[in-house]
Amino acid sequence: MNEFDQAYLVPDGTDLQGIKDAFVGHYEIAEDEPRDLLRRFHDTFDWSLYHAGTVLEERSDGSRRELIWRSLRGDSPDLTWNIDRDPGFAADLPPGPEASRLASLVGIRRLLPLLEVHTRITTWRLLNEDDKTVVRLELEQNRYEDKGRERRGPISTRMRLHSVKGYEIDLQETKRLLQEDLGLSTNRTELLLEALAAAGRKPADYSSQLDFRLDPERRADATAKEILLHLLNTIEDNIPGTRANLDSEFLHDLRVAIRRTRSALTQIKDVFAPDLVERNKEAFGWLGEITGPVRDLDVYLLDFNDYQASLPEALRPHLEPLRDFIHAHYGAEQKALVEHLDSKRFRDLLREWRAFLEAPVPERSVVPNAMRPVKAVADERIWTMYKRVRKEGRAITPASPPEDMHELRKSCKKLRYLIEFFDSLYPKQEVRQLVKLMKVLLDNLGNFQDLAVQADHLRDMAQRMRDETHASTDTLLTMGVLVGHLLEHQHRAREEFAQIFMTFDSEEHQALFTSLFTPPKRKRKGA
């Protein structure tokens, strides 16, 4: 049986006594003592559960707490857990298939409270002539509270209809009275969505993804400001979660937005004054530097179980001191990061950058590409970077130094960012195909570079652990085995590069790049 058999919306201002009076002559009504229910709705910062068409609701009535995970469409059974603490990470929930399903959606992101709904429930029991309860009506009076935005207020009153086994005819009669005599309409609106709307919020109001709808004829400088303003919003959205270290993805999204900002500044060329570009390139480079140490430690902690799993079982326990060492140094690095985020330098950078981006572009500009249509600039920049990637990739041989692979990776990132910035100017299907192609190549180059960096860092940590007497001989030897495994994987990535780049550089993909991005030749002066 469902949790309830029907839900109705009670319009604002409805006289509840009038609803009771509608049952006179049909049933007696016994009213139970009202009870209060607190409902908290949870999702990740990037709305993983909402995007999956689900809602996670916590209910507490003072005696017990439970989590209810349900479909927005109502097309699958609810899943329920009893809990004794605030939900955080999916991995912290009682183990089982339900928690595993939830973890597959939210990953490493923390479940955060969206808002609260305070519900007062009054139960009316409809009694027949034998004083038997034949139907139960629960009247829910709801008020939302959005603590983060300090907003609160009433939302709809709802009536939920519960059947009693053996009295199905009375259930149908009650539905008739509510619908035909009282004119109540059935309610299909999810309570969370109603509360969000009342609070002036939209679901899925944050995404780290780029989703522009660019006008190909708009000036390039104005379009560049639009792109950079979106990236600044992403940076600012992730600062509170990074400062509080709620989960590692806040810092990750922050750093991606910083990298994209630097790329947009330097790769959407000649739309802003050179001194402004250079100044802010350095400023956002500083942001990349100050956020790097904590991110490095995050990566080691996120990959730690995989590190252990790659070792012979007998060696795995000897790696635990490395985890302890990382945790021991994490607090100091996080504290240093917060101090940077709270600094005047950081606040001034964001304030001045926002002021520039929100200011209208000048009516006239002497910067070469500023007033040109953005589509023409995008064609040229993507085509130029594509040719660089192709040239650098073709020059790499088995004898090429690792630095050549690293330079190619940087060029590939610039190309991918340019395509993502301007993807709405081109056919969607073809652009998605190229972004997927770029991702495969970048994954290979990234593995090659990152594995070398991780191996170097592990050697450095092994030295520091030995100097600080935090590691036994067994731990140091185990870390040596791990470094060896990382270098083996790096070597494999290097061997795989040639085939991956050959696929990228195939005639089919060359033709696709050419058809999409070959810029028309600029008219000669006087032509």
# chains A, B, ... in the order shown; residues from 1 in each chain; ligands from 1
>>> residues_around(residues="segment 285-298 of chain A", least_positions_apart="5", cutoff="8 Å", atoms="only C-alpha atoms", output="ChimeraX atom specification")
/A:248,251-252,255,258-259,262,326,330,333-334,337,340
>>> residues_around(residues="Thr174 of chain A", least_positions_apart="6", cutoff="10 Å", atoms="only C-alpha atoms", output="mmCIF file with N, CA and C atoms, in the first residue's frame")
data_model
loop_
_atom_site.group_PDB
_atom_site.id
_atom_site.type_symbol
_atom_site.label_atom_id
_atom_site.label_comp_id
_atom_site.auth_asym_id
_atom_site.auth_seq_id
_atom_site.Cartn_x
_atom_site.Cartn_y
_atom_site.Cartn_z
ATOM 1 N N ALA A 22 -18.711 19.424 5.785
ATOM 2 C CA ALA A 22 -19.092 18.667 4.597
ATOM 3 C C ALA A 22 -19.331 17.191 4.918
ATOM 4 N N PHE A 23 -18.808 16.733 6.041
ATOM 5 C CA PHE A 23 -18.966 15.317 6.396
ATOM 6 C C PHE A 23 -20.164 15.073 7.311
ATOM 7 N N HIS A 26 -22.712 12.189 7.090
ATOM 8 C CA HIS A 26 -22.017 11.039 6.493
ATOM 9 C C HIS A 26 -21.187 10.289 7.548
ATOM 10 N N TYR A 27 -20.398 11.054 8.302
ATOM 11 C CA TYR A 27 -19.497 10.450 9.282
ATOM 12 C C TYR A 27 -19.378 11.373 10.488
ATOM 13 N N LEU A 126 -12.479 9.577 10.369
ATOM 14 C CA LEU A 126 -13.893 9.477 10.007
ATOM 15 C C LEU A 126 -14.450 8.191 10.596
ATOM 16 N N VAL A 134 -12.916 4.556 9.543
ATOM 17 C CA VAL A 134 -13.012 3.998 8.185
ATOM 18 C C VAL A 134 -12.063 4.709 7.210
ATOM 19 N N VAL A 135 -11.724 5.962 7.533
ATOM 20 C CA VAL A 135 -10.780 6.741 6.720
ATOM 21 C C VAL A 135 -10.049 7.693 7.662
ATOM 22 N N ARG A 136 -8.783 7.952 7.365
ATOM 23 C CA ARG A 136 -8.032 8.963 8.120
ATOM 24 C C ARG A 136 -7.656 10.101 7.179
ATOM 25 N N LEU A 137 -7.887 11.328 7.631
ATOM 26 C CA LEU A 137 -7.484 12.530 6.907
ATOM 27 C C LEU A 137 -6.404 13.237 7.712
ATOM 28 N N LEU A 161 -5.056 11.664 2.340
ATOM 29 C CA LEU A 161 -6.135 10.721 2.570
ATOM 30 C C LEU A 161 -5.551 9.321 2.722
ATOM 31 N N SER A 163 -6.387 5.273 3.549
ATOM 32 C CA SER A 163 -7.451 4.268 3.610
ATOM 33 C C SER A 163 -7.267 3.359 4.819
ATOM 34 N N GLU A 168 -13.010 0.256 1.703
ATOM 35 C CA GLU A 168 -12.697 0.904 0.433
ATOM 36 C C GLU A 168 -13.847 1.756 -0.078
ATOM 37 N N GLU A 180 -15.942 16.720 -5.309
ATOM 38 C CA GLU A 180 -17.153 17.256 -5.920
ATOM 39 C C GLU A 180 -17.850 18.274 -5.020
#
>>> closest_residue(among="A:Ala309, A:Leu67, A:Ala493, A:Ile419", to="Asp450 of chain A", atoms="only C-alpha atoms")
A:Ala493
>>> residues_around(residues="Lys132 of chain A", least_positions_apart="5", cutoff="12 Å", atoms="only C-alpha atoms", output="ChimeraX atom specification")
/A:27-30,125-127,164-167,170
>>> residues_around(residues="Ser104 of chain A", least_positions_apart="6", cutoff="12 Å", atoms="only C-alpha atoms", output="list of chain:residue names")
A:Ser48, A:Leu49, A:Ala52, A:Phe89, A:Ala90, A:Ala91, A:Pro97, A:Glu98
>>> write_last_selection(atoms="N, CA, C and O atoms", output="PDB file, in the first residue's frame")
ATOM      1  N   SER A  48      22.913  16.823  -7.541  1.00  0.00           N
ATOM      2  CA  SER A  48      23.013  15.503  -8.150  1.00  0.00           C
ATOM      3  C   SER A  48      21.696  14.736  -8.085  1.00  0.00           C
ATOM      4  O   SER A  48      21.286  14.085  -9.058  1.00  0.00           O
ATOM      5  N   LEU A  49      21.022  14.800  -6.934  1.00  0.00           N
ATOM      6  CA  LEU A  49      19.794  14.024  -6.761  1.00  0.00           C
ATOM      7  C   LEU A  49      18.652  14.609  -7.584  1.00  0.00           C
ATOM      8  O   LEU A  49      17.870  13.869  -8.197  1.00  0.00           O
ATOM      9  N   ALA A  52      18.887  13.664 -11.066  1.00  0.00           N
ATOM     10  CA  ALA A  52      18.523  12.257 -11.250  1.00  0.00           C
ATOM     11  C   ALA A  52      17.028  12.028 -11.073  1.00  0.00           C
ATOM     12  O   ALA A  52      16.564  10.883 -11.094  1.00  0.00           O
ATOM     13  N   PHE A  89      28.090  12.396   4.031  1.00  0.00           N
ATOM     14  CA  PHE A  89      28.461  11.672   2.827  1.00  0.00           C
ATOM     15  C   PHE A  89      27.656  10.377   2.733  1.00  0.00           C
ATOM     16  O   PHE A  89      27.311   9.767   3.754  1.00  0.00           O
ATOM     17  N   ALA A  90      27.379   9.959   1.511  1.00  0.00           N
ATOM     18  CA  ALA A  90      26.612   8.731   1.320  1.00  0.00           C
ATOM     19  C   ALA A  90      27.309   7.545   1.965  1.00  0.00           C
ATOM     20  O   ALA A  90      26.654   6.622   2.450  1.00  0.00           O
ATOM     21  N   ALA A  91      28.633   7.587   1.986  1.00  0.00           N
ATOM     22  CA  ALA A  91      29.395   6.478   2.580  1.00  0.00           C
ATOM     23  C   ALA A  91      29.158   6.357   4.072  1.00  0.00           C
ATOM     24  O   ALA A  91      29.456   5.312   4.661  1.00  0.00           O
ATOM     25  N   PRO A  97      22.142  -1.868  -0.235  1.00  0.00           N
ATOM     26  CA  PRO A  97      21.959  -1.534  -1.655  1.00  0.00           C
ATOM     27  C   PRO A  97      21.421  -0.127  -1.866  1.00  0.00           C
ATOM     28  O   PRO A  97      21.756   0.536  -2.843  1.00  0.00           O
ATOM     29  N   GLU A  98      20.562   0.345  -0.932  1.00  0.00           N
ATOM     30  CA  GLU A  98      20.025   1.694  -1.085  1.00  0.00           C
ATOM     31  C   GLU A  98      21.128   2.737  -0.979  1.00  0.00           C
ATOM     32  O   GLU A  98      21.208   3.677  -1.780  1.00  0.00           O
TER      33      GLU A  98
END
>>> select_by_dssp(residues="segment 113-340 of chain A", states="strand (DSSP E)", output="CSV table (one decimal) with C-alpha atoms, in the first residue's frame")
chain,number,residue,atom,x,y,z
A,113,PRO,CA,20.5,20.9,3.7
A,114,LEU,CA,18.6,22.9,1.1
A,115,LEU,CA,15.8,24.2,3.4
A,116,GLU,CA,13.4,23.1,6.1
A,117,VAL,CA,9.7,22.7,6.2
A,118,HIS,CA,7.9,22.8,9.6
A,119,THR,CA,4.7,20.8,9.4
A,120,ARG,CA,1.8,20.7,11.9
A,121,ILE,CA,-0.3,17.6,11.3
A,122,THR,CA,-3.8,17.3,12.5
A,123,THR,CA,-5.5,13.9,12.0
A,124,TRP,CA,-9.2,13.6,11.5
A,125,ARG,CA,-10.6,10.1,11.8
A,126,LEU,CA,-13.9,9.5,10.0
A,127,LEU,CA,-16.1,7.2,12.1
A,133,THR,CA,-12.4,4.5,11.9
A,134,VAL,CA,-13.0,4.0,8.2
A,135,VAL,CA,-10.8,6.7,6.7
A,136,ARG,CA,-8.0,9.0,8.1
A,137,LEU,CA,-7.5,12.5,6.9
A,138,GLU,CA,-4.2,14.2,7.7
A,139,LEU,CA,-4.3,18.0,7.5
A,140,GLU,CA,-0.7,19.3,6.9
A,141,GLN,CA,-0.1,23.0,7.6
A,142,ASN,CA,3.4,23.9,6.3
A,143,ARG,CA,5.9,26.7,6.8
A,144,TYR,CA,9.3,26.8,5.0
A,145,GLU,CA,12.5,28.2,6.5
A,146,ASP,CA,15.6,28.9,4.4
A,151,ARG,CA,13.7,33.7,4.6
A,152,ARG,CA,10.7,32.0,6.0
A,153,GLY,CA,6.9,31.9,5.4
A,154,PRO,CA,3.8,29.8,4.9
A,155,ILE,CA,3.3,27.4,2.0
A,156,SER,CA,0.3,25.3,1.0
A,157,THR,CA,-1.9,23.4,3.3
A,158,ARG,CA,-2.4,19.8,2.2
A,159,MET,CA,-4.8,17.1,3.0
A,160,ARG,CA,-3.6,13.5,2.8
A,161,LEU,CA,-6.1,10.7,2.6
A,162,HIS,CA,-5.3,7.3,4.1
A,163,SER,CA,-7.5,4.3,3.6
A,185,SER,CA,-8.0,19.5,-6.4
A,186,THR,CA,-5.5,16.7,-6.2
>>> closest_residue(among="A:Ala452, A:Ala376, A:Met479, A:Leu254", to="Glu403 of chain A", atoms="only C-alpha atoms")
A:Ala452
>>> residues_around(residues="His470 of chain A", least_positions_apart="6", cutoff="9 Å", atoms="only C-alpha atoms", output="ChimeraX atom specification")
/A:321-322,325,464
>>> closest_residue(among="A:Arg459, A:Lys335, A:Arg390, A:Lys439", to="Lys413 of chain A", atoms="only C-alpha atoms")
A:Lys439
>>> closest_residue(among="A:Ala336, A:Ala244, A:Ile108, A:Leu476", to="Leu302 of chain A", atoms="only C-alpha atoms")
A:Ile108
